[in-house]
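Note sheet for the following structure.
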Amino acid sequence: MLKQKTLQSSFSLRGKGLHTGLDLVVTFNPAPENHGYKIQRVDVEGQPVIDAVANNVTETTRGTVLEQNGVKVSTIEHGMAALYALDIDNCLIQVNGPEFPILDGSAQYYVQEIERVGIAEQNAAKDYYIIKSKIEVRDEETGSSIIVLPDDSFSLNVLISYDSEIIPNQFATLEDMAKFKDEIAASRTFVFVREIEPLLSAGLIKGGDLDNAIVIYERKMSQESYDKLADVMGVPHMNADQLGYINHKPLVWPNECARHKLLDVIGDLALIGKPIKGRIIATRPGHTINNKFARQMRKEIRLHEVQAPTYNPNDVPVMDVNKIRKLLPHRYPFQLVDKVIEIGSNYIVGVKNITSNEPFFQGHFPQEPVMPGVLQFEAMAQVGGLLVLNSVDEPERYSTYFLRIDNGRFRQKVVPGDTMLFRVEFITPIRRGIATMKGYAFVGEKVVCEVEFMAQVIKNK
């Protein structure tokens, strides 16, 4: 089972804010397990902390703006993308102003610093949300859409399209997040010349220049207007008849703009609050549709707070019925585990197929067969017993006895034809032969019951 990660130590970066033009310092710090991403405004009285989640996004005009309890922080997406892509789950970010420094308009300096200070593995398990069916968010007015499909890992396909001769269509793909550093991180933000004046009028991009953004000149304007804009930008006058990219550094890739949009998608989806396994297909993405999708994903996660294990009947079981019988003393009619399909150091997944021939259906109930709740708990306990016995040497010399059950809940009937999946995990490590566990039983994607229980493992005489 993969573990959560944080930074080995802190690092700081300094630069000007893209929109405010202020001299800013942002510091990324290690954080404890299950902390997530949080941003602290150290320049504000009381040094308030903002939860970096999609529901706290209040503006998406030219960047992602978070706000909580009246305190804002913006231009966070490049730092968030670096954390997410480098598999960091927990981080406290401190900034001495209302936005992160823009640096060179990419995420590469964040990545370099994360790699320099190192990444620390923590004890808590990493909790992925696994995409099991298509989810789509679409904006009919702009033609923007984001779709996520089931996949074994997190990957992205991004298509951008503009009414522009310079970048009419571009696409970018990232199949492996380990390649983010080399294929995506250095891609810089971009802006069209025609957008600069309206953005300045709106009080934005006060710190924008050719060192932190790619500027695209793709619609001719008069030489006089072009010269005035050059003066505002603080750059030399240029020929208004010559279209193309305006930047001090050459493009890193021909499709750098599409790669940067992919970077932004990662940064905005980092605000889901949980890493996902699925393939993202983003068409004409921007911060607005990105945030809309991230909010939808947070709703999906709340609806399926505990996900059912993935079950493929064609896979060879980790333990079949014969191996189970070598470990558990139960026999017909009380062996209630058919097979184990997954087992780790602190969790196990077992299967019970409910048939109409189960002996308890004779009396529970003849006209409406329903599996007794106490037997659902018993089946889960047997799966937990297999987890306990799997953790000791010579398991055939031990037996597991249950001492206590707590917080049992039943949510749905279990009837003939159902296949129950049990996921049981240790709440605490085994100490002095005592194990505390939490178990969930699923039929399909729904939790049918859950319980916490304590067991004792004893050597047979």
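Labels used: A, B, ... for chains in the order of the structure tokens, numbers from 1 for residues in each chain, and numbers from 1 for ligands as shown.
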task: List the neighbours of Ser356 in chain A out to 10 Å using only C-alpha atoms; skip same-chain residues closer than 5 positions along the sequence, and give me the result as a list in words.
output: Phe361, Gln362, Pro369, Val370, Val415, Pro416, Gly417 and Asp418 of chain A
Determine, using only C-alpha atoms, which residues of range 34-112 of chain A have any atom at most 12 Å from an atom of range 244-261 of chain A, and tabulate each with its shortest atom pair and distance in Å to one decimal place, rows ordered by chain and then rising number, as CSV.
residue,atom,partner,partner_atom,distance
A:Gly63,CA,A:Lys261,CA,11.5
A:Glu77,CA,A:Lys261,CA,10.7
A:His78,CA,A:His260,CA,9.4
A:Ala81,CA,A:His260,CA,10.6
A:Asp104,CA,A:Lys249,CA,10.4
A:Gly105,CA,A:His260,CA,9.2
A:Ser106,CA,A:His260,CA,7.6
A:Ala107,CA,A:His260,CA,9.3
A:Gln108,CA,A:His260,CA,11.4
query: Running DSSP on the backbone, which parts of range 107-304 of chain A land in helix (DSSP H, G or I), as a ChimeraX atom specification?
result: /A:108-117,177-183,193-201,223-233,256-272,287-303
Who sits within 9 Å of Phe442 in chain A, only C-alpha atoms, same chain under 6 positions skipped, as a tab-separated table (two decimals) with C-alpha atoms, in the first residue's frame:
chain	number	residue	atom	x	y	z
A	307	GLN	CA	-15.03	3.18	-2.32
A	308	ALA	CA	-15.69	-0.47	-3.05
A	309	PRO	CA	-12.60	-2.51	-3.92
A	419	THR	CA	-21.68	-10.73	-4.16
A	420	MET	CA	-20.31	-9.20	-0.98
A	421	LEU	CA	-16.86	-7.63	-0.93
A	422	PHE	CA	-15.27	-7.10	2.47
A	423	ARG	CA	-12.45	-4.63	3.03
A	448	VAL	CA	-24.13	-2.47	3.02
A	449	CYS	CA	-22.62	-2.58	6.50
message: Applying 12 Å and only C-alpha atoms, which residues near Leu7 in chain A remain after dropping the ones on its own chain fewer than 2 positions away? List them as a PyMOL selection string.
response: chain A and resi 4-5+9-11+27-33+37+83+86-93+111+113-122
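Among the candidates A:Tyr440, A:Phe100, A:Tyr110, A:Phe410, the residue lying nearest to Gly350 in chain A is A:Tyr440 (atoms considered: only C-alpha atoms).
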task: Can you work out which one of A:Pro395, A:Gly344, A:Gly97, A:Pro275 has the shortest atom-to-atom distance to Lys326 in chain A, counting only C-alpha atoms?
output: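 Ranking A:Pro395, A:Gly344, A:Gly97, A:Pro275 by distance to Lys326 in chain A, first place goes to A:Pro395.
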query: Looking at A:Ser225, A:Thr428, A:Gln112, A:Thr436, which one is nearest to Tyr401 in chain A, with distances taken over only C-alpha atoms?
result: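 Of A:Ser225, A:Thr428, A:Gln112, A:Thr436, the one nearest Tyr401 in chain A, counting only C-alpha atoms, is A:Thr436.
Of the listed residues (A:Ile184, A:Val383, A:Val26, A:Val374), A:Val26 comes nearest to Val73 in chain A; the distances count only C-alpha atoms.
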